[in-house]
Every structure is written in C-alpha cells, then in structure tokens.
$ cat model-v9.txt   # compact mmCIF, C-alpha atoms
# COMPACT_ATOMS: atom_id res chain seq x y z
CA MET R 1 63.04 292.49 47.54
CA ARG R 2 61.81 294.34 44.45
CA ALA R 3 58.11 294.38 43.71
CA ALA R 4 55.65 295.87 41.21
CA VAL R 5 53.35 298.04 43.30
CA TYR R 6 50.00 299.39 42.10
CA HIS R 7 49.20 302.92 43.28
CA GLY R 8 46.27 303.68 40.98
CA ALA R 9 45.35 304.23 37.33
CA GLY R 10 48.49 304.54 35.21
CA ASP R 11 50.72 304.29 38.27
CA VAL R 12 52.65 301.05 38.77
CA ARG R 13 56.08 301.42 40.39
CA ILE R 14 58.98 299.07 40.94
CA GLU R 15 59.78 299.46 44.63
CA GLU R 16 61.75 297.84 47.43
CA ARG R 17 59.55 295.88 49.81
CA ALA R 18 60.27 293.74 52.85
CA VAL R 19 60.20 290.00 52.24
CA PRO R 20 56.85 288.74 53.60
CA VAL R 21 56.61 286.14 56.35
CA ALA R 22 54.72 282.87 55.90
CA GLY R 23 51.97 282.53 58.49
CA PRO R 24 50.13 279.38 59.60
CA ARG R 25 49.09 277.21 56.63
CA GLN R 26 51.12 279.48 54.34
CA VAL R 27 54.35 279.09 52.40
CA LEU R 28 56.92 281.64 51.29
CA VAL R 29 57.48 281.29 47.55
CA ARG R 30 60.57 282.58 45.78
CA VAL R 31 58.85 283.69 42.59
CA THR R 32 60.44 282.57 39.31
CA ARG R 33 57.75 283.56 36.82
CA SER R 34 54.72 285.84 37.11
CA GLY R 35 52.23 286.51 34.34
CA ILE R 36 50.13 289.55 33.50
CA CYS R 37 46.72 289.56 31.88
CA GLY R 38 43.90 291.77 30.65
CA THR R 39 42.59 292.23 34.19
CA ASP R 40 45.91 293.73 35.29
CA ALA R 41 45.99 295.93 32.20
CA GLY R 42 42.40 297.09 32.74
CA GLU R 43 43.06 298.09 36.35
CA TYR R 44 46.26 299.83 35.26
CA GLN R 45 44.48 301.72 32.49
CA HIS R 46 41.13 302.58 34.11
CA GLY R 47 41.78 302.47 37.85
CA PRO R 48 40.37 300.11 40.51
CA GLY R 49 37.38 298.16 39.25
CA MET R 50 38.11 294.52 39.98
CA PHE R 51 40.36 295.68 42.82
CA PRO R 52 38.33 296.16 45.89
CA VAL R 53 41.58 295.15 45.99
CA LEU R 54 43.61 298.05 47.16
CA ARG R 55 43.87 297.51 50.88
CA ARG R 56 42.53 300.19 53.20
CA HIS R 57 44.81 301.56 55.88
CA PRO R 58 43.11 300.88 59.23
CA ALA R 59 43.77 304.36 60.61
CA SER R 60 42.73 306.52 57.67
CA GLY R 61 40.46 304.28 55.63
CA HIS R 62 42.29 305.43 52.49
CA LEU R 63 43.25 302.96 49.83
CA GLY R 64 46.85 301.79 50.03
CA PRO R 65 49.27 300.47 47.41
CA MET R 66 49.38 296.74 46.61
CA VAL R 67 51.81 294.32 45.00
CA LEU R 68 50.34 293.04 41.72
CA GLY R 69 50.50 289.52 40.33
CA HIS R 70 47.95 286.70 40.45
CA GLU R 71 49.58 284.31 37.93
CA PHE R 72 52.84 283.08 39.43
CA ILE R 73 54.99 280.11 40.23
CA GLY R 74 58.11 279.57 42.29
CA GLU R 75 59.97 277.52 44.86
CA VAL R 76 58.82 277.11 48.45
CA VAL R 77 61.68 278.37 50.63
CA GLU R 78 59.89 278.63 53.99
CA HIS R 79 56.66 277.28 55.40
CA GLY R 80 54.35 277.98 58.28
CA GLU R 81 52.60 275.55 60.54
CA ASP R 82 50.75 272.73 58.70
CA ALA R 83 52.46 273.46 55.37
CA ALA R 84 55.68 271.44 55.68
CA TYR R 85 54.53 269.03 52.95
CA LEU R 86 55.40 271.69 50.35
CA ALA R 87 58.93 272.41 51.61
CA GLY R 88 61.40 272.77 48.75
CA ARG R 89 58.80 272.10 46.06
CA ARG R 90 58.27 274.08 42.90
CA VAL R 91 54.64 275.13 42.97
CA ALA R 92 52.06 276.87 40.82
CA THR R 93 49.59 278.91 42.81
CA GLY R 94 45.99 279.32 41.82
CA ALA R 95 46.04 282.69 43.66
CA GLY R 96 42.28 282.52 44.34
CA VAL R 97 41.66 281.72 48.00
CA SER R 98 38.43 280.01 49.07
CA CYS R 99 37.15 279.27 52.58
CA GLY R 100 36.28 275.59 52.08
CA ASP R 101 33.20 275.87 54.31
CA CYS R 102 30.49 277.82 52.46
CA SER R 103 27.80 276.20 50.32
CA TRP R 104 29.63 276.99 47.06
CA CYS R 105 32.89 275.46 48.30
CA LEU R 106 31.08 272.37 49.53
CA ALA R 107 29.50 272.03 46.08
CA GLY R 108 32.95 272.14 44.47
CA ARG R 109 32.52 275.66 43.06
CA THR R 110 35.38 277.21 45.00
CA ASN R 111 35.69 280.07 42.49
CA LEU R 112 32.31 281.32 43.76
CA CYS R 113 33.25 281.10 47.45
CA ALA R 114 31.33 283.54 49.63
CA ARG R 115 34.62 284.77 51.08
CA TYR R 116 36.76 284.48 47.94
CA TRP R 117 39.79 286.70 47.56
CA THR R 118 42.74 286.74 45.21
CA LEU R 119 46.44 287.35 45.64
CA GLY R 120 47.45 290.28 43.45
CA LEU R 121 43.86 291.51 43.21
CA SER R 122 42.77 291.62 46.84
CA ALA R 123 46.11 291.39 48.65
CA ASP R 124 49.83 291.50 47.82
CA GLY R 125 50.61 289.11 44.99
CA GLY R 126 53.48 287.59 43.05
CA LEU R 127 54.99 290.31 40.86
CA ALA R 128 57.84 290.40 43.35
CA GLY R 129 60.84 288.42 44.48
CA TYR R 130 58.84 286.59 47.14
CA ALA R 131 55.18 286.04 47.99
CA ALA R 132 53.47 284.58 51.07
CA VAL R 133 50.88 282.15 49.73
CA PRO R 134 48.15 280.01 51.35
CA ALA R 135 49.29 276.41 51.00
CA SER R 136 45.79 275.45 49.84
CA THR R 137 46.33 277.34 46.56
CA CYS R 138 49.62 275.59 45.71
CA VAL R 139 49.98 272.67 43.33
CA PRO R 140 53.38 270.96 42.88
CA ILE R 141 54.87 271.37 39.41
CA PRO R 142 56.00 268.15 37.66
CA ASP R 143 59.77 267.92 37.30
CA ALA R 144 59.44 267.65 33.52
CA CYS R 145 57.60 270.97 33.25
CA PRO R 146 59.99 273.94 32.77
CA ASP R 147 59.33 277.29 34.46
CA ASP R 148 58.35 279.05 31.22
CA ALA R 149 55.61 276.48 30.65
CA ALA R 150 54.54 276.18 34.29
CA GLY R 151 54.17 279.97 34.45
CA LEU R 152 51.15 279.58 32.16
CA ALA R 153 49.31 277.23 34.53
CA GLN R 154 46.97 279.76 36.17
CA PRO R 155 45.68 281.40 32.97
CA LEU R 156 45.44 278.02 31.26
CA ALA R 157 43.35 276.82 34.22
CA VAL R 158 40.98 279.74 33.56
CA GLY R 159 40.69 278.62 29.93
CA LEU R 160 40.10 274.99 30.90
CA HIS R 161 37.38 276.05 33.33
CA ALA R 162 35.71 278.13 30.61
CA ALA R 163 35.86 275.18 28.21
CA ARG R 164 34.15 272.98 30.81
CA ARG R 165 31.48 275.64 31.31
CA ALA R 166 30.91 275.67 27.53
CA ASP R 167 29.90 271.99 27.69
CA VAL R 168 30.76 271.30 24.06
CA ALA R 169 29.08 268.32 22.41
CA PRO R 170 31.18 266.13 20.08
CA GLY R 171 30.80 267.29 16.50
CA GLU R 172 29.35 270.67 17.49
CA THR R 173 30.27 273.92 15.72
CA VAL R 174 31.88 276.46 18.05
CA VAL R 175 32.59 280.11 17.29
CA LEU R 176 35.30 281.72 19.39
CA VAL R 177 35.24 285.53 19.30
CA GLY R 178 38.63 286.86 20.36
CA ALA R 179 41.80 284.79 19.89
CA GLY R 180 43.97 286.74 22.32
CA ALA R 181 45.47 285.26 25.47
CA ILE R 182 42.28 284.01 27.11
CA GLY R 183 40.85 282.86 23.79
CA SER R 184 44.01 280.83 23.15
CA PHE R 185 43.77 279.18 26.55
CA ILE R 186 40.12 278.31 25.93
CA LEU R 187 41.10 276.69 22.63
CA CYS R 188 43.44 274.39 24.55
CA GLY R 189 40.46 273.15 26.51
CA LEU R 190 38.04 272.92 23.60
CA THR R 191 39.98 270.53 21.43
CA GLY R 192 39.64 267.69 23.94
CA SER R 193 35.84 267.87 23.55
CA ARG R 194 36.12 266.92 19.85
CA PRO R 195 33.96 269.69 18.36
CA GLY R 196 33.22 269.45 14.66
CA ARG R 197 34.31 272.98 13.76
CA ILE R 198 36.08 275.66 15.76
CA ILE R 199 35.73 279.01 14.01
CA ALA R 200 38.04 281.64 15.53
CA LEU R 201 37.48 285.34 14.86
CA ASP R 202 39.94 288.16 15.59
CA VAL R 203 41.43 291.29 14.07
CA ASP R 204 45.08 290.24 14.36
CA ASP R 205 46.77 287.84 11.94
CA ALA R 206 49.34 286.65 14.50
CA ARG R 207 46.62 285.71 16.98
CA LEU R 208 44.73 283.86 14.28
CA ALA R 209 47.88 281.94 13.35
CA THR R 210 48.23 280.87 16.99
CA ALA R 211 44.57 279.84 17.01
CA ARG R 212 45.18 277.54 14.04
CA ALA R 213 48.21 276.02 15.79
CA LEU R 214 46.05 275.34 18.86
CA GLY R 215 43.27 273.56 17.01
CA ALA R 216 40.97 276.11 15.37
CA THR R 217 39.71 274.56 12.15
CA GLU R 218 38.86 277.92 10.56
CA THR R 219 40.11 281.45 11.30
CA TYR R 220 38.88 284.78 9.99
CA ASP R 221 40.07 288.36 10.24
CA VAL R 222 36.99 290.45 11.04
CA SER R 223 38.72 293.84 11.09
CA THR R 224 36.98 294.83 7.84
CA ARG R 225 33.87 292.64 7.80
CA ASP R 226 30.79 292.20 9.96
CA PRO R 227 31.41 289.14 12.18
CA VAL R 228 27.69 288.43 12.56
CA ASP R 229 27.13 288.28 8.80
CA LEU R 230 30.24 286.14 8.43
CA VAL R 231 29.12 283.57 10.98
CA ARG R 232 25.66 283.38 9.49
CA ASP R 233 27.19 282.84 6.03
CA LEU R 234 29.42 280.09 7.41
CA THR R 235 26.48 278.32 9.07
CA GLY R 236 23.94 278.41 6.27
CA GLY R 237 22.16 281.43 7.73
CA GLU R 238 21.30 279.69 11.00
CA GLY R 239 24.05 280.87 13.34
CA ALA R 240 26.27 278.69 15.52
CA PRO R 241 24.99 276.41 18.28
CA LEU R 242 27.71 277.74 20.60
CA VAL R 243 29.42 281.14 20.63
CA ILE R 244 32.18 281.92 23.12
CA GLU R 245 32.71 285.65 23.58
CA ALA R 246 36.29 286.18 24.77
CA SER R 247 37.04 289.70 23.54
CA GLY R 248 35.20 291.85 26.08
CA VAL R 249 34.98 294.77 23.65
CA SER R 250 31.98 297.08 23.63
CA GLY R 251 28.95 295.52 21.94
CA ALA R 252 30.50 292.06 21.85
CA ALA R 253 27.81 290.36 23.96
CA GLN R 254 25.02 291.53 21.65
CA ARG R 255 26.97 290.46 18.57
CA ALA R 256 27.54 287.04 20.14
CA VAL R 257 23.81 286.60 20.67
CA ARG R 258 23.11 287.56 17.06
CA MET R 259 25.64 284.94 15.88
CA THR R 260 23.91 282.19 17.84
CA ALA R 261 21.36 279.79 16.40
CA ARG R 262 17.86 279.26 17.77
CA GLY R 263 18.17 277.16 20.90
CA GLY R 264 21.91 277.79 21.01
CA ARG R 265 24.01 279.18 23.79
CA VAL R 266 26.50 281.95 24.49
CA LEU R 267 29.38 281.70 26.94
CA LEU R 268 30.50 285.13 28.15
CA VAL R 269 34.17 285.25 29.10
CA GLY R 270 35.61 288.66 28.18
CA LEU R 271 35.15 291.35 30.83
CA ALA R 272 33.76 294.61 29.48
CA HIS R 273 34.69 297.91 31.12
CA GLY R 274 31.21 299.28 31.61
CA PRO R 275 27.58 298.25 30.90
CA GLN R 276 26.58 296.87 27.51
CA ASP R 277 23.26 296.83 25.69
CA LEU R 278 21.64 293.44 25.22
CA ASP R 279 18.38 292.71 23.37
CA LEU R 280 16.75 290.33 25.83
CA ALA R 281 13.62 289.96 23.71
CA ASP R 282 15.75 288.31 21.02
CA VAL R 283 17.39 286.06 23.64
CA ILE R 284 13.98 284.98 24.96
CA LEU R 285 12.17 284.55 21.66
CA ARG R 286 14.95 282.40 20.20
CA GLU R 287 15.54 280.56 23.50
CA VAL R 288 19.24 281.37 23.58
CA ASP R 289 20.98 280.30 26.77
CA LEU R 290 23.43 282.76 28.35
CA ARG R 291 26.19 281.39 30.52
CA SER R 292 29.23 283.03 32.09
CA THR R 293 32.51 281.84 33.55
CA VAL R 294 34.97 283.28 36.04
CA ALA R 295 38.41 282.23 37.27
CA HIS R 296 38.94 278.51 37.86
CA VAL R 297 38.43 275.74 40.39
CA CYS R 298 41.92 275.54 41.85
CA GLY R 299 41.93 271.90 42.95
CA GLU R 300 40.68 270.69 39.57
CA ASP R 301 41.89 273.12 36.90
CA ILE R 302 45.46 273.93 38.05
CA PRO R 303 46.52 270.23 38.13
CA ALA R 304 44.86 269.69 34.73
CA ALA R 305 46.70 272.72 33.32
CA LEU R 306 50.06 271.47 34.61
CA ARG R 307 49.46 268.03 33.11
CA LEU R 308 48.69 269.58 29.74
CA LEU R 309 51.71 271.91 29.87
CA THR R 310 53.97 268.99 30.77
CA ALA R 311 52.71 266.54 28.16
CA ASP R 312 52.01 268.90 25.26
CA GLY R 313 54.10 271.50 23.45
CA ILE R 314 51.42 274.17 23.68
CA ALA R 315 53.59 276.61 25.67
CA GLU R 316 55.61 277.46 22.57
CA HIS R 317 52.41 278.69 20.89
CA LEU R 318 51.14 280.62 23.93
CA LEU R 319 54.22 282.37 25.31
CA GLU R 320 55.33 285.55 23.57
CA ARG R 321 58.27 286.49 25.78
CA VAL R 322 59.75 286.71 29.27
CA ILE R 323 60.68 290.19 30.51
CA GLY R 324 62.34 291.60 33.60
CA LEU R 325 60.55 293.50 36.34
CA ASP R 326 61.85 296.87 35.15
CA ALA R 327 60.22 296.27 31.77
CA LEU R 328 56.80 295.47 33.28
CA VAL R 329 55.14 298.77 32.40
CA PRO R 330 56.59 299.63 28.95
CA GLU R 331 56.89 296.08 27.58
CA GLY R 332 54.10 294.42 29.55
CA LEU R 333 51.17 296.50 30.78
CA ASP R 334 51.43 299.14 28.05
CA ALA R 335 51.70 296.40 25.41
CA LEU R 336 48.46 294.86 26.68
CA VAL R 337 46.66 298.19 26.87
CA ASP R 338 47.78 299.12 23.33
CA ARG R 339 46.93 295.60 22.08
CA ARG R 340 50.51 295.08 20.89
CA ALA R 341 50.86 291.79 22.75
CA THR R 342 50.18 288.77 20.56
CA GLY R 343 50.78 286.11 23.22
CA LYS R 344 51.37 285.63 26.92
CA ILE R 345 53.96 287.79 28.66
CA LEU R 346 55.74 286.42 31.72
CA VAL R 347 57.92 288.36 34.16
CA ASP R 348 61.10 287.06 35.76
CA PRO R 349 61.29 289.24 38.92
CA TRP R 350 65.01 288.50 39.34
CA ARG R 351 66.07 289.96 35.97
$ encode --input "model-v9.txt" --output "structure tokens"
Amino acid sequence: MRAAVYHGAGDVRIEERAVPVAGPRQVLVRVTRSGICGTDAGEYQHGPGMFPVLRRHPASGHLGPMVLGHEFIGEVVEHGEDAAYLAGRRVATGAGVSCGDCSWCLAGRTNLCARYWTLGLSADGGLAGYAAVPASTCVPIPDACPDDAAGLAQPLAVGLHAARRADVAPGETVVLVGAGAIGSFILCGLTGSRPGRIIALDVDDARLATARALGATETYDVSTRDPVDLVRDLTGGEGAPLVIEASGVSGAAQRAVRMTARGGRVLLVGLAHGPQDLDLADVILREVDLRSTVAHVCGEDIPAALRLLTADGIAEHLLERVIGLDALVPEGLDALVDRRATGKILVDPWR
C-alpha cells in the first residue's frame, strides 16, 4: 500500500508500505478519507514536538519514520479477536487510544488517560491505504452520512469538546479568536448553547465568511486593527465574559486575557510553538479564569460529531477540497504552513 511517511522536519514521503495486520481487539480499516490539521503542519514545519511520536528502533534507539494521519475513516475489512462486531462497517476512528483503567478514564476524561497515545502521532496512522486500529476507537458511520462529511468527524469532535469545555451560558457574549479549521469546528458546537453574541475575529475574509455561515453573529477582520481595542469597543469597554483563543499565534494568550471582562474566562485552544508571555498579575487581580482543552472524549464526542454531520449541512461550509496522496505535501501540508488553506483538506489515499 502507499502511505505518507514522516521522516522529520520538512520531510514527508509517499512510500510503499506493507499492509498492517489487525491484532487482538483491533480492526483493519481500508481508509477512504484522512484529514490533516495544524498539528500535522506544525510537526512538518518545525520537527517533532507533539510527536514523541516517532518510534524508536529497539536496537539503535534512533527515531524511526512513521505513517501520519490521525483524522481518518474507512471500511473494516478484517478484524482481530473480540472485534467481529465491526466487520464490514464504515467507521470513524477517534485515533486517541485510552487504557480504560486509570483514574482519568474512570472519570470519563479519556483524553487525559495516563497511558494515552494517538494513531498518526504516536504510532502509524491513517494517511495510507490501510490502518490497523483499536476497535475501541471506532464508531460506526450512519448510512446517510457520506464519506466527505464523515471524514470531518474527528476534528469536529475536537471542536465539540472545546465548546463543552467553554461552558457557554445562554445569552452570553463569546469572542472567538481565529476562524480557521479548529475555530470553525468550535463554532459548530457553540451555536447549540444559544449564546447571545458570537464575535469571530480573523485576518482572512474567506474564513470570516465561513464563520458567518456557521453561526457567528458578528465577524471582523483584525489584520489592520488592534483586536483588543476592537473587542473592548464592542463590549462597552468592559471586555467579553468569554474569549476562546483558537489561533495559537505568538502573543495570542495575552491578548485573549486583555479582551476578557473582570470575572470572565479564557479558553485556550490554539497550540503555540514555543513559550508565551502572560501577565498573571492581571489575571489574578481581575479574577479571570483560564481553562484549556485538548483532543476529545472519543465515546462521547465522535458519535455527537457524526450525528451533526449526518443531520446538518455543515460539511459544505467546512470542507475545502479532497486531494490525492501525491498532492499531500504541495496542496495539503504546505498550504497549511503558508496559511493558504481556508477550510478543511481531506486526502483520498486511493487517488
């Protein structure tokens, strides 16, 4: 089979790999769609950061190449022991694997599992013709949900989890900083909470247009204006009760705090590549709550994402295009790094 293999910063190759074998409690998935995201682009651009990822060869201890892809769907074509219930099913995989036994798993916070690992980030993933997947990460796809929509399930689950972590009160004003892919998926989760205003900020007109289509009540291009001053003007000088920082750019966390009202809260979503300055005295003196979010709870958020993608036409607003595996680097990863991508890019590994 062909696979997208990560060898290090700036080095992703399309190679021939052996088809993996499904072990006990695993299934072999014939991949039909696999997404890429900012995490993949960051590892491609900067080198291993999230990837503790690259597997070490037992003999040498050196890092070895790894098949990318943690957002994928497909059809179960083989199954190991105790996984026959998924035979022949189309499935979306959450990719994040939890142990089920630690205190975090028992509390329902499987994304914080003490032994958590992720396909495509910690082991071979789904940017390939086939992937061996733990059955516990697989959720059957409704028949009415097409592949192009179902391929968005994992990143949408991340957005739904973030929206739950935001804990929006009905009628509340929310500022969303960054209307790219993850920001768009968060918007899909926010609208069900019935906020009063959703103010989306970005530097790209196409992203802001998508934000309006997904429920943002106000959108603003902040490429030539100070976003902190803008938010304060829009909120009568007080700041917003909730700011969701989904851009991850340098200085964004501090700007998010400055946009927030006394007693308000900030949800940090965007991953920054390196430390950022944060004025904690301001956070303390104005009693601003800081909260973060990571990944999703597979058993809760993947099914919810599939229901939304089946019942709603949101996929048409989120999906930019589907490309073949050979186009992964120039039309996928490079487009994300250069910020040319305006929506979600999916890969069909059989093109």
$ closest_residue --input "model-v9.txt" --among "R:Ala162, R:Ala209, R:Val288, R:Leu156" --to "R:Ala256" --atoms "only C-alpha atoms"
R:Val288
$ closest_residue --input "model-v9.txt" --among "R:Gly324, R:Gly80, R:Gly159, R:Pro349" --to "R:Ala135" --atoms "all atoms listed in the file"
R:Gly80
$ closest_atom_pairs --input "model-v9.txt" --of "stretch 153-261 of chain R" --to "stretch 265-270 of chain R" --cutoff "6 Å" --atoms "all atoms listed in the file" --output "JSON lines"
{"residue": "R:Leu242", "atom": "CA", "partner": "R:Arg265", "partner_atom": "CA", "distance": 5.1}
{"residue": "R:Val243", "atom": "CA", "partner": "R:Val266", "partner_atom": "CA", "distance": 4.9}
{"residue": "R:Ile244", "atom": "CA", "partner": "R:Leu267", "partner_atom": "CA", "distance": 4.7}
{"residue": "R:Glu245", "atom": "CA", "partner": "R:Leu268", "partner_atom": "CA", "distance": 5.1}
{"residue": "R:Ala246", "atom": "CA", "partner": "R:Gly270", "partner_atom": "CA", "distance": 4.3}
{"residue": "R:Ser247", "atom": "CA", "partner": "R:Gly270", "partner_atom": "CA", "distance": 5.0}
{"residue": "R:Gly248", "atom": "CA", "partner": "R:Gly270", "partner_atom": "CA", "distance": 3.8}
$ atom_distance --input "model-v9.txt" --atom1 "atom CA of R:Lys344" --atom2 "atom CA of R:Met259"
28.0 Å
$ atom_distance --input "model-v9.txt" --atom1 "atom CA of R:Pro155" --atom2 "atom CA of R:Arg258"
28.3 Å
$ closest_residue --input "model-v9.txt" --among "R:Asp326, R:Asp205, R:Glu16, R:Asp301" --to "R:Arg351" --atoms "all atoms listed in the file"
R:Asp326
$ closest_residue --input "model-v9.txt" --among "R:Gly10, R:Gly100, R:Gly69, R:Pro195" --to "R:Val174" --atoms "only C-alpha atoms"
R:Pro195
$ atom_distance --input "model-v9.txt" --atom1 "atom CA of R:Glu78" --atom2 "atom CA of R:Asp348"
20.1 Å
$ residues_around --input "model-v9.txt" --residues "R:Asp226" --least-positions-apart "6" --cutoff "12 Å" --atoms "only C-alpha atoms" --output "PDB file with C-alpha atoms, keeping the file's coordinate frame"
ATOM      1  CA  LEU R 201      37.480 285.340  14.860  1.00  0.00           C
ATOM      2  CA  ASP R 202      39.940 288.160  15.590  1.00  0.00           C
ATOM      3  CA  VAL R 203      41.430 291.290  14.070  1.00  0.00           C
ATOM      4  CA  TYR R 220      38.880 284.780   9.990  1.00  0.00           C
ATOM      5  CA  ARG R 232      25.660 283.380   9.490  1.00  0.00           C
ATOM      6  CA  ASP R 233      27.190 282.840   6.030  1.00  0.00           C
ATOM      7  CA  ALA R 252      30.500 292.060  21.850  1.00  0.00           C
ATOM      8  CA  ARG R 255      26.970 290.460  18.570  1.00  0.00           C
ATOM      9  CA  ALA R 256      27.540 287.040  20.140  1.00  0.00           C
ATOM     10  CA  ARG R 258      23.110 287.560  17.060  1.00  0.00           C
ATOM     11  CA  MET R 259      25.640 284.940  15.880  1.00  0.00           C
TER      12      MET R 259
END
$ closest_residue --input "model-v9.txt" --among "R:Leu152, R:Ala335, R:Ala157, R:Gly196" --to "R:Pro170" --atoms "only C-alpha atoms"
R:Gly196
$ residues_around --input "model-v9.txt" --residues "R:Ile199" --least-positions-apart "6" --cutoff "10 Å" --atoms "all atoms listed in the file" --output "PyMOL selection string"
chain R and resi 173-177+211-212+215-220+231+234+240+243
$ closest_residue --input "model-v9.txt" --among "R:Asp82, R:Ala200, R:Thr293, R:Met66" --to "R:Asp167" --atoms "all atoms listed in the file"
R:Thr293
$ residues_near_point --input "model-v9.txt" --point "(41.9, 274.8, 23.4)" --cutoff "9 Å" --atoms "only C-alpha atoms" --output "ChimeraX atom specification"
/R:159-160,163,183-192,211,214-216
$ residues_around --input "model-v9.txt" --residues "R:Gly236" --least-positions-apart "6" --cutoff "12 Å" --atoms "only C-alpha atoms" --output "PyMOL selection string"
chain R and resi 229-230+259+261
$ residues_around --input "model-v9.txt" --residues "R:Ile314" --least-positions-apart "2" --cutoff "9 Å" --atoms "only C-alpha atoms" --output "MDAnalysis selection string"
chainID R and resid 149 188 213:214 308:309 311:312 316:319
$ closest_atom_pairs --input "model-v9.txt" --of "stretch 68-119 of chain R" --to "stretch 137-140 of chain R" --cutoff "7 Å" --atoms "all atoms listed in the file" --output "CSV"
residue,atom,partner,partner_atom,distance
R:Arg89,CA,R:Pro140,CA,6.4
R:Arg90,CA,R:Pro140,CA,5.8
R:Val91,CA,R:Pro140,CA,4.4
R:Ala92,CA,R:Val139,CA,5.3
R:Thr93,CA,R:Cys138,CA,4.4
R:Gly94,CA,R:Thr137,CA,5.1
R:Ala95,CA,R:Thr137,CA,6.1
R:Gly96,CA,R:Thr137,CA,6.9
R:Val97,CA,R:Thr137,CA,6.6
$ residues_near_point --input "model-v9.txt" --point "(57.1, 292.9, 44.3)" --cutoff "10 Å" --atoms "all atoms listed in the file" --output "VMD selection string"
chain R and resid 1 to 6 13 to 19 31 66 to 69 124 to 131 325 349
$ residues_around --input "model-v9.txt" --residues "R:Ser34" --least-positions-apart "4" --cutoff "6 Å" --atoms "only C-alpha atoms" --output "MDAnalysis selection string"
chainID R and resid 71:72 127 346:347
$ closest_atom_pairs --input "model-v9.txt" --of "stretch 139-182 of chain R" --to "stretch 102-113 of chain R" --cutoff "12 Å" --atoms "only C-alpha atoms" --output "tab-separated table"
residue	atom	partner	partner_atom	distance
R:Ala157	CA	R:Asn111	CA	11.7
R:Val158	CA	R:Asn111	CA	10.4
R:His161	CA	R:Asn111	CA	10.1
R:Arg165	CA	R:Arg109	CA	11.8
